Structures are given as C-alpha cells and as structure tokens.
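Pasting coords.cif here (mmCIF, C-alpha atoms and all ligand atoms):
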```
data_work
loop_
_atom_site.group_PDB
_atom_site.id
_atom_site.type_symbol
_atom_site.label_atom_id
_atom_site.label_comp_id
_atom_site.auth_asym_id
_atom_site.auth_seq_id
_atom_site.Cartn_x
_atom_site.Cartn_y
_atom_site.Cartn_z
ATOM 1 C CA MET X 1 131.437 79.243 47.420
ATOM 2 C CA SER X 2 134.924 80.350 48.269
ATOM 3 C CA ASP X 3 136.070 81.553 51.678
ATOM 4 C CA GLU X 4 139.062 83.103 49.902
ATOM 5 C CA LYS X 5 137.370 86.484 49.403
ATOM 6 C CA LEU X 6 136.359 86.834 53.043
ATOM 7 C CA LEU X 7 139.762 85.642 54.260
ATOM 8 C CA SER X 8 141.588 88.083 51.941
ATOM 9 C CA PHE X 9 139.402 90.930 53.212
ATOM 10 C CA ILE X 10 140.124 90.015 56.846
ATOM 11 C CA LYS X 11 143.871 89.779 56.191
ATOM 12 C CA GLU X 12 144.010 93.118 54.369
ATOM 13 C CA LEU X 13 141.850 94.934 56.922
ATOM 14 C CA SER X 14 143.982 93.493 59.757
ATOM 15 C CA LEU X 15 147.130 94.797 58.050
ATOM 16 C CA LEU X 16 145.516 98.226 57.596
ATOM 17 C CA LEU X 17 144.345 98.445 61.229
ATOM 18 C CA GLU X 18 147.800 97.293 62.389
ATOM 19 C CA GLN X 19 148.971 100.760 61.300
ATOM 20 C CA LYS X 20 146.470 102.406 63.683
ATOM 21 C CA PRO X 21 144.970 104.534 60.881
ATOM 22 C CA SER X 22 142.736 107.580 61.328
ATOM 23 C CA GLU X 23 139.019 107.178 60.745
ATOM 24 C CA GLU X 24 139.472 109.070 57.485
ATOM 25 C CA ILE X 25 141.872 106.369 56.256
ATOM 26 C CA ILE X 26 139.533 103.590 57.458
ATOM 27 C CA PHE X 27 136.684 105.216 55.495
ATOM 28 C CA THR X 28 138.837 105.435 52.344
ATOM 29 C CA LYS X 29 141.251 102.491 52.245
ATOM 30 C CA GLY X 30 139.102 100.224 54.438
ATOM 31 C CA LYS X 31 136.023 101.185 52.438
ATOM 32 C CA THR X 32 137.793 100.205 49.207
ATOM 33 C CA LEU X 33 138.534 96.777 50.717
ATOM 34 C CA LEU X 34 134.851 96.327 51.618
ATOM 35 C CA GLU X 35 133.754 97.495 48.157
ATOM 36 C CA ARG X 36 135.993 94.796 46.683
ATOM 37 C CA LEU X 37 134.498 92.152 49.003
ATOM 38 C CA ILE X 38 130.902 92.967 48.033
ATOM 39 C CA ALA X 39 131.560 93.623 44.321
ATOM 40 C CA VAL X 40 130.484 90.074 43.371
ATOM 41 C CA ASP X 41 127.815 88.238 45.343
ATOM 42 C CA ASP X 42 129.183 84.693 45.155
ATOM 43 C CA TRP X 43 130.897 84.010 48.468
ATOM 44 C CA LEU X 44 128.504 84.282 51.410
ATOM 45 C CA PRO X 45 127.717 80.775 52.752
ATOM 46 C CA VAL X 46 123.997 79.970 52.627
ATOM 47 C CA GLU X 47 123.831 79.440 56.415
ATOM 48 C CA PHE X 48 124.726 83.122 56.900
ATOM 49 C CA SER X 49 122.145 84.391 54.424
ATOM 50 C CA LYS X 50 118.963 82.971 55.938
ATOM 51 C CA PRO X 51 116.193 85.404 56.893
ATOM 52 C CA HIS X 52 113.905 85.024 59.913
ATOM 53 C CA PRO X 53 110.173 85.581 59.346
ATOM 54 C CA GLN X 54 109.994 88.161 62.137
ATOM 55 C CA TYR X 55 113.441 89.586 62.942
ATOM 56 C CA TYR X 56 116.409 90.789 60.882
ATOM 57 C CA GLN X 57 119.357 88.466 61.483
ATOM 58 C CA GLN X 58 122.935 89.293 62.473
ATOM 59 C CA TYR X 59 125.406 86.489 61.690
ATOM 60 C CA LEU X 60 128.947 86.909 62.948
ATOM 61 C CA LEU X 61 131.404 86.079 60.139
ATOM 62 C CA TYR X 62 134.581 87.075 61.963
ATOM 63 C CA ALA X 63 135.658 88.771 65.198
ATOM 64 C CA ASP X 64 139.207 90.045 65.441
ATOM 65 C CA PRO X 65 140.981 88.459 68.458
ATOM 66 C CA LEU X 66 142.263 91.909 69.453
ATOM 67 C CA ASP X 67 138.729 93.389 69.223
ATOM 68 C CA ARG X 68 139.797 95.847 66.554
ATOM 69 C CA PHE X 69 136.918 94.874 64.235
ATOM 70 C CA SER X 70 134.115 92.445 63.493
ATOM 71 C CA VAL X 71 132.401 91.392 60.264
ATOM 72 C CA VAL X 72 128.679 90.628 60.362
ATOM 73 C CA SER X 73 126.156 89.527 57.743
ATOM 74 C CA PHE X 74 122.811 91.338 58.217
ATOM 75 C CA VAL X 75 119.871 89.559 56.604
ATOM 76 C CA TRP X 76 116.576 91.413 56.232
ATOM 77 C CA GLY X 77 113.220 89.959 55.360
ATOM 78 C CA PRO X 78 110.685 92.194 53.548
ATOM 79 C CA GLY X 79 109.567 95.124 55.720
ATOM 80 C CA GLN X 80 112.106 94.504 58.520
ATOM 81 C CA LYS X 81 113.577 97.563 60.186
ATOM 82 C CA THR X 82 115.835 98.478 63.138
ATOM 83 C CA PRO X 83 114.821 100.779 65.962
ATOM 84 C CA LEU X 84 116.653 104.112 66.218
ATOM 85 C CA HIS X 85 120.097 103.064 67.525
ATOM 86 C CA ASN X 86 123.773 103.962 67.854
ATOM 87 C CA HIS X 87 127.010 101.941 67.570
ATOM 88 C CA THR X 88 129.682 103.814 69.619
ATOM 89 C CA VAL X 89 132.387 102.622 67.165
ATOM 90 C CA TRP X 90 132.999 103.312 63.453
ATOM 91 C CA GLY X 91 131.013 101.182 61.049
ATOM 92 C CA MET X 92 130.845 100.413 57.326
ATOM 93 C CA ILE X 93 127.746 98.896 55.736
ATOM 94 C CA GLY X 94 128.336 97.218 52.381
ATOM 95 C CA GLN X 95 125.298 96.193 50.346
ATOM 96 C CA LEU X 96 125.641 92.662 48.981
ATOM 97 C CA ARG X 97 122.115 91.761 47.863
ATOM 98 C CA GLY X 98 118.823 93.633 47.506
ATOM 99 C CA GLN X 99 118.598 97.190 48.744
ATOM 100 C CA GLU X 100 118.557 98.886 52.140
ATOM 101 C CA LYS X 101 117.667 102.357 53.305
ATOM 102 C CA GLY X 102 119.716 103.968 56.076
ATOM 103 C CA THR X 103 118.442 107.205 57.621
ATOM 104 C CA PRO X 104 120.716 109.197 59.945
ATOM 105 C CA TYR X 105 119.081 111.030 62.853
ATOM 106 C CA TYR X 106 120.343 114.069 64.740
ATOM 107 C CA ARG X 107 119.422 115.067 68.281
ATOM 108 C CA GLN X 108 117.640 118.409 68.632
ATOM 109 C CA THR X 109 117.873 120.872 71.533
ATOM 110 C CA ASP X 110 114.585 119.567 73.002
ATOM 111 C CA GLY X 111 116.052 116.017 73.105
ATOM 112 C CA SER X 112 114.020 114.627 70.192
ATOM 113 C CA PHE X 113 115.554 113.375 66.933
ATOM 114 C CA LYS X 114 115.267 114.764 63.418
ATOM 115 C CA ALA X 115 115.911 112.691 60.269
ATOM 116 C CA GLY X 116 118.724 113.584 57.883
ATOM 117 C CA ALA X 117 118.972 112.601 54.224
ATOM 118 C CA PRO X 118 118.417 108.856 53.752
ATOM 119 C CA CYS X 119 120.899 106.716 51.835
ATOM 120 C CA VAL X 120 119.435 103.953 49.671
ATOM 121 C CA CYS X 121 122.164 101.442 48.979
ATOM 122 C CA PRO X 122 122.144 99.259 45.860
ATOM 123 C CA PRO X 123 124.517 96.249 45.728
ATOM 124 C CA GLY X 124 128.175 97.326 45.755
ATOM 125 C CA LYS X 125 127.604 100.538 47.722
ATOM 126 C CA VAL X 126 129.081 101.217 51.180
ATOM 127 C CA ASP X 127 127.482 103.509 53.789
ATOM 128 C CA THR X 128 129.215 104.543 57.041
ATOM 129 C CA VAL X 129 128.445 105.438 60.662
ATOM 130 C CA SER X 130 130.724 107.155 63.165
ATOM 131 C CA PRO X 131 130.358 108.391 66.748
ATOM 132 C CA ASN X 132 132.351 111.460 65.644
ATOM 133 C CA THR X 133 129.795 112.600 63.086
ATOM 134 C CA HIS X 134 126.722 110.411 62.385
ATOM 135 C CA ASP X 135 126.322 107.456 64.753
ATOM 136 C CA ILE X 136 122.534 107.267 65.188
ATOM 137 C CA HIS X 137 120.348 105.816 62.460
ATOM 138 C CA VAL X 138 117.489 103.573 61.379
ATOM 139 C CA VAL X 139 118.093 100.887 58.747
ATOM 140 C CA GLU X 140 115.369 99.067 56.864
ATOM 141 C CA ASN X 141 114.939 96.688 53.971
ATOM 142 C CA ALA X 142 114.035 98.899 51.010
ATOM 143 C CA MET X 143 112.641 95.882 49.129
ATOM 144 C CA SER X 144 109.005 95.040 49.925
ATOM 145 C CA ASP X 145 109.130 91.584 48.323
ATOM 146 C CA GLN X 146 112.636 90.179 48.762
ATOM 147 C CA VAL X 147 115.493 89.564 51.163
ATOM 148 C CA SER X 148 118.297 92.126 51.406
ATOM 149 C CA ILE X 149 121.753 91.355 52.777
ATOM 150 C CA SER X 150 124.536 93.716 53.822
ATOM 151 C CA ILE X 151 128.004 93.049 55.199
ATOM 152 C CA HIS X 152 128.734 95.247 58.220
ATOM 153 C CA VAL X 153 132.216 95.963 59.516
ATOM 154 C CA TYR X 154 132.604 97.670 62.904
ATOM 155 C CA GLY X 155 135.564 99.001 64.879
ATOM 156 C CA GLY X 156 135.009 96.490 67.714
ATOM 157 C CA ASN X 157 133.063 93.301 68.449
ATOM 158 C CA ILE X 158 129.644 94.850 67.850
ATOM 159 C CA GLY X 159 127.702 91.912 69.320
ATOM 160 C CA ARG X 160 129.445 92.452 72.659
ATOM 161 C CA ILE X 161 129.330 96.241 72.873
ATOM 162 C CA GLN X 162 126.824 97.986 75.127
ATOM 163 C CA ARG X 163 125.034 100.647 73.079
ATOM 164 C CA SER X 164 121.639 102.337 72.943
ATOM 165 C CA VAL X 165 118.256 102.540 71.292
ATOM 166 C CA PHE X 166 116.376 105.829 71.396
ATOM 167 C CA ASP X 167 112.800 107.011 71.339
ATOM 168 C CA LEU X 168 112.388 109.273 68.323
ATOM 169 C CA ASN X 169 110.117 111.813 70.024
ATOM 170 C CA SER X 170 111.110 111.876 73.685
ATOM 171 C CA GLY X 171 114.786 111.087 73.015
ATOM 172 C CA ALA X 172 114.727 108.542 75.868
ATOM 173 C CA GLU X 173 117.713 106.190 75.770
ATOM 174 C CA LYS X 174 117.799 102.472 76.632
ATOM 175 C CA THR X 175 120.999 100.388 76.614
ATOM 176 C CA PHE X 176 121.274 97.010 74.845
ATOM 177 C CA ILE X 177 123.798 94.460 73.562
ATOM 178 C CA SER X 178 122.812 93.041 70.177
ATOM 179 C CA GLY X 179 124.446 89.555 70.206
ATOM 180 C CA TYR X 180 124.517 87.229 67.173
ATOM 181 C CA ALA X 181 122.044 84.806 65.606
ATOM 182 C CA ASN X 182 124.626 82.086 64.857
ATOM 183 C CA GLN X 183 126.427 79.568 67.043
ATOM 184 C CA LEU X 184 128.948 78.754 64.308
ATOM 185 C CA VAL X 185 131.300 81.011 62.338
ATOM 186 C CA PRO X 186 132.739 80.281 58.870
ATOM 187 C CA ASN X 187 135.730 77.979 58.627
ATOM 188 C CA LEU X 188 138.089 80.354 56.850
ATOM 189 C CA TRP X 189 141.008 77.978 56.766
ATOM 190 C CA ASN X 190 140.547 74.934 54.550
ATOM 191 C CA PRO X 191 141.434 71.899 56.714
ATOM 192 C CA ALA X 192 142.643 69.916 53.676
ATOM 193 C CA GLU X 193 145.057 72.677 52.685
ATOM 194 C CA PHE X 194 146.209 73.008 56.262
ATOM 195 C CA SER X 195 147.066 69.306 56.678
ATOM 196 C CA LYS X 196 148.818 69.340 53.285
ATOM 197 C CA GLN X 197 151.075 72.155 54.476
ATOM 198 C CA ILE X 198 151.902 70.315 57.687
ATOM 199 C CA CYS X 199 152.816 67.135 55.762
ATOM 200 C CA GLU X 200 155.109 68.901 53.304
HETATM 201 FE FE FE X 301 123.269 100.402 62.668
#
```
Starting from the file, give its structure as structure tokens.
Amino acid sequence: MSDEKLLSFIKELSLLLEQKPSEEIIFTKGKTLLERLIAVDDWLPVEFSKPHPQYYQQYLLYADPLDRFSVVSFVWGPGQKTPLHNHTVWGMIGQLRGQEKGTPYYRQTDGSFKAGAPCVCPPGKVDTVSPNTHDIHVVENAMSDQVSISIHVYGGNIGRIQRSVFDLNSGAEKTFISGYANQLVPNLWNPAEFSKQICE
C-alpha cells in the first residue's frame, strides 16, 4: 500500500481549488484527478475498506483544513442502500471496487419525488452531485454478493454539514449530520521520510 497516490490527489486538488474554480472546472479537471486516483485499486488501507454487517460505512480519509473539500471512503455490504438524501455541496463519487447504483430524484409540484435515470458505476467511473442541478439521490450497492467501495469527494467537510433526508412520497424533510465511522485518519506523511529531511 502506498499513501503516495492519495497524497498526490490531495495536493493536486488543493492546488486546483486554490484557484477558486467554477463547478464546471471542478467536474472536469477535478474529475480527471479523481479518475486517476481510482484507476488502480491498490492504495486504500485495509482499515478504511471494512464493511459493517448492517450499515454502509463512511471513513474519512482527509478533511481540508480550510473546509474546501473532504475525501471519504464509502464501503457497502451486499444490499446496503442510503435513504433519499441531499448534500448541499458539490460531490464526486469515484468507483474503486465492485459496483454501485446512484439514482437521482427530482421534486414534483405535489412535493413528492420522481426518479431520474440511474447511473451504474463500474470501477474507474466517476458520478457527480450538485445543489445547482442534481443534489438529491439514493445510492446502493449494485452487487448482491460482494462489497463495493467508492471514494467520495465533497466541496466541504461532509461529515460536519447539516443536510437532509426525504420521504419519497410525502416529500417530508428531516435534517441530519452524517459523521464518520473512523476515529483515525491515514498517516499521509511517512514519519521516516520526515525525520530524514529534518536531519539533512
Ligand atoms: Fe450521496
């Protein structure tokens, strides 16, 4: 396992966001960075890839100190599925392992929600969400017999943001804050390398 890939992604995305890009640029240049990160499934530490028998897991991999973005590993056991929910910030969902189905929903005049075209993501593919266009969706593991993992990148610290779940039929809204499953985050900076640099 190498933290190099994740660290490179974080550095490059930080440099991109430093330029205060439009969402269109984030969903092109930023998306390319995420596609590169998930192109080869050989870097995610095992402690951030563990499923829970009952609930899909959200492991924080990195939170930008300026709250411009966060990177989260979502781990889905067979049959696990989110409720209908929003994000309130832009998001990119990169499939690393297995397969997930994301279905966007659109509010109707009577308050209920109607499903749009689902996106089934094989490894290497990136889906997006945005409060400007398509922020409300349901995500589920499309594999009935294996774990699926996706790397999510959001335009804020998603585990600290107040957002909502919705009732499909009545449209009723309930606020929530998702939090994270892990107490630890990856050590992106190799301590041995660090002390070597200090000594030189
Ligand atoms: Fe979502």
Kindly assemble as a Markdown table a list of the chain X residues that lie within 10 Å of ligand FE 301 (chain X), each paired with its nearest atom pair and their distance in Å to one decimal, using only C-alpha atoms and all ligand atoms, sorted first by chain and then by ascending residue number.
```
| residue | atom | partner | partner_atom | distance |
| --- | --- | --- | --- | --- |
| X:Thr82 | CA | X:FE301 | FE | 7.7 |
| X:Pro83 | CA | X:FE301 | FE | 9.1 |
| X:Leu84 | CA | X:FE301 | FE | 8.4 |
| X:His85 | CA | X:FE301 | FE | 6.4 |
| X:Asn86 | CA | X:FE301 | FE | 6.3 |
| X:His87 | CA | X:FE301 | FE | 6.4 |
| X:Gly91 | CA | X:FE301 | FE | 7.9 |
| X:Met92 | CA | X:FE301 | FE | 9.3 |
| X:Ile93 | CA | X:FE301 | FE | 8.4 |
| X:Gly102 | CA | X:FE301 | FE | 8.3 |
| X:Thr103 | CA | X:FE301 | FE | 9.7 |
| X:Pro104 | CA | X:FE301 | FE | 9.6 |
| X:Thr128 | CA | X:FE301 | FE | 9.2 |
| X:Val129 | CA | X:FE301 | FE | 7.5 |
| X:Asp135 | CA | X:FE301 | FE | 8.0 |
| X:Ile136 | CA | X:FE301 | FE | 7.3 |
| X:His137 | CA | X:FE301 | FE | 6.2 |
| X:Val138 | CA | X:FE301 | FE | 6.7 |
| X:Val139 | CA | X:FE301 | FE | 6.5 |
| X:Glu140 | CA | X:FE301 | FE | 9.9 |
| X:His152 | CA | X:FE301 | FE | 8.7 |
| X:Tyr154 | CA | X:FE301 | FE | 9.7 |
| X:Ile158 | CA | X:FE301 | FE | 9.9 |
```
Enter the distance from atom CA of Tyr56 of chain X to atom CA of Lys81 of chain X, in Å, rounded to one decimal.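 Atom CA of Lys81 of chain X lies 7.4 Å from atom CA of Tyr56 of chain X.
When all atoms listed in the file are used to measure the gap to Gly79 of chain X, the shortest distance among X:Asn187, X:Gln99, X:Ser49, X:Asn169 belongs to X:Gln99.
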Between X:Asp64, X:Glu35, X:Asp42, X:Glu100, which has the minimum distance to Leu15 of chain X (counting all atoms listed in the file)?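 Smallest distance to Leu15 of chain X is found for X:Asp64.
Here, the PyMOL selection byres (((chain X and resi 20-25) around 12) and not hetatm) matches Leu13, Ser14, Leu15, Leu16, Leu17, Glu18, Gln19, Ile26, Phe27, Thr28, Lys29, Gly30, Lys31, Thr32, Leu33, Arg68, Val89, Trp90, Gly91, Met92, Thr128, Val129, Ser130, Pro131, Asn132, Thr133, Tyr154 and Gly155 of chain X.
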With C-alpha atoms retained, could you export that selection as an mmCIF file, in the coordinates of the input?
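Result went into again.cif, see below:
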```
data_model
loop_
_atom_site.group_PDB
_atom_site.id
_atom_site.type_symbol
_atom_site.label_atom_id
_atom_site.label_comp_id
_atom_site.auth_asym_id
_atom_site.auth_seq_id
_atom_site.Cartn_x
_atom_site.Cartn_y
_atom_site.Cartn_z
ATOM 1 C CA LEU X 13 141.850 94.934 56.922
ATOM 2 C CA SER X 14 143.982 93.493 59.757
ATOM 3 C CA LEU X 15 147.130 94.797 58.050
ATOM 4 C CA LEU X 16 145.516 98.226 57.596
ATOM 5 C CA LEU X 17 144.345 98.445 61.229
ATOM 6 C CA GLU X 18 147.800 97.293 62.389
ATOM 7 C CA GLN X 19 148.971 100.760 61.300
ATOM 8 C CA ILE X 26 139.533 103.590 57.458
ATOM 9 C CA PHE X 27 136.684 105.216 55.495
ATOM 10 C CA THR X 28 138.837 105.435 52.344
ATOM 11 C CA LYS X 29 141.251 102.491 52.245
ATOM 12 C CA GLY X 30 139.102 100.224 54.438
ATOM 13 C CA LYS X 31 136.023 101.185 52.438
ATOM 14 C CA THR X 32 137.793 100.205 49.207
ATOM 15 C CA LEU X 33 138.534 96.777 50.717
ATOM 16 C CA ARG X 68 139.797 95.847 66.554
ATOM 17 C CA VAL X 89 132.387 102.622 67.165
ATOM 18 C CA TRP X 90 132.999 103.312 63.453
ATOM 19 C CA GLY X 91 131.013 101.182 61.049
ATOM 20 C CA MET X 92 130.845 100.413 57.326
ATOM 21 C CA THR X 128 129.215 104.543 57.041
ATOM 22 C CA VAL X 129 128.445 105.438 60.662
ATOM 23 C CA SER X 130 130.724 107.155 63.165
ATOM 24 C CA PRO X 131 130.358 108.391 66.748
ATOM 25 C CA ASN X 132 132.351 111.460 65.644
ATOM 26 C CA THR X 133 129.795 112.600 63.086
ATOM 27 C CA TYR X 154 132.604 97.670 62.904
ATOM 28 C CA GLY X 155 135.564 99.001 64.879
#
```
Find the spatial neighbours of Gln95 of chain X, counting only C-alpha atoms, within a cut-off of 6 Å - ignore same-chain residues fewer than 5 positions away - and output them as a CSV table (one decimal) with C-alpha atoms, keeping the file's coordinate frame.
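File produced: result.csv:
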```csv
chain,number,residue,atom,x,y,z
X,123,PRO,CA,124.5,96.2,45.7
X,124,GLY,CA,128.2,97.3,45.8
X,125,LYS,CA,127.6,100.5,47.7
X,150,SER,CA,124.5,93.7,53.8
```
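Taking atom CA of Arg160 of chain X as the reference point, atom CA of Val126 of chain X is found at 23.2 Å.
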Quick one: of X:Ile177, X:Leu60, X:Ala117, X:Leu44, who's nearest to Gln162 of chain X, counting all atoms listed in the file?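 Checking each of X:Ile177, X:Leu60, X:Ala117, X:Leu44 against Gln162 of chain X, counting all atoms listed in the file, the winner is X:Ile177.
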Would you mind listing what lies within 8 Å of Val75 of chain X as a list in words, with only C-alpha atoms counted and same-chain residues fewer than 5 positions away left out? Ser49, Lys50, Pro51, Tyr56, Gln57, Gln58, Val147, Ser148, Ile149 and Ser150 of chain X
Hey, can you check how far atom CA of Lys5 of chain X sits from atom CA of Cys119 of chain X?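 So the answer is 26.2 Å.
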Expected selection from the PyMOL selection byres (((chain X and resi 43) around 12) and not hetatm), given as number ranges by chain: X: 1-9, 37-42, 44-49, 61, 73, 96-97, 151, 186, 188
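Candidate residues X:Ala63, X:Val71, X:Val153, X:Leu168 were compared for distance to Lys114 of chain X, and the nearest is X:Leu168, using only C-alpha atoms.
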Report as a list in words the residues that result from applying the PyMOL selection byres (((chain X and resi 164) around 6) and not hetatm) to the structure here.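 Applying the PyMOL selection byres (((chain X and resi 164) around 6) and not hetatm) to the structure shown produces His85, Asn86, Arg163, Val165, Lys174, Thr175 and Phe176 of chain X.
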Provide an axis-aligned box for all listed atoms of segment 139-146 of chain X, padding each side by 4 Å; report its centre and its edge lengths in Å to one decimal, as AutoDock Vina command-line options.
```
--center_x 113.5 --center_y 95.5 --center_z 53.5 --size_x 17.1 --size_y 18.7 --size_z 18.4
```
Measuring between only C-alpha atoms, which one of X:His134, X:Pro65, X:Val185, X:Gly159 shows the shortest distance to Ala115 of chain X?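 Nearest to Ala115 of chain X: X:His134.
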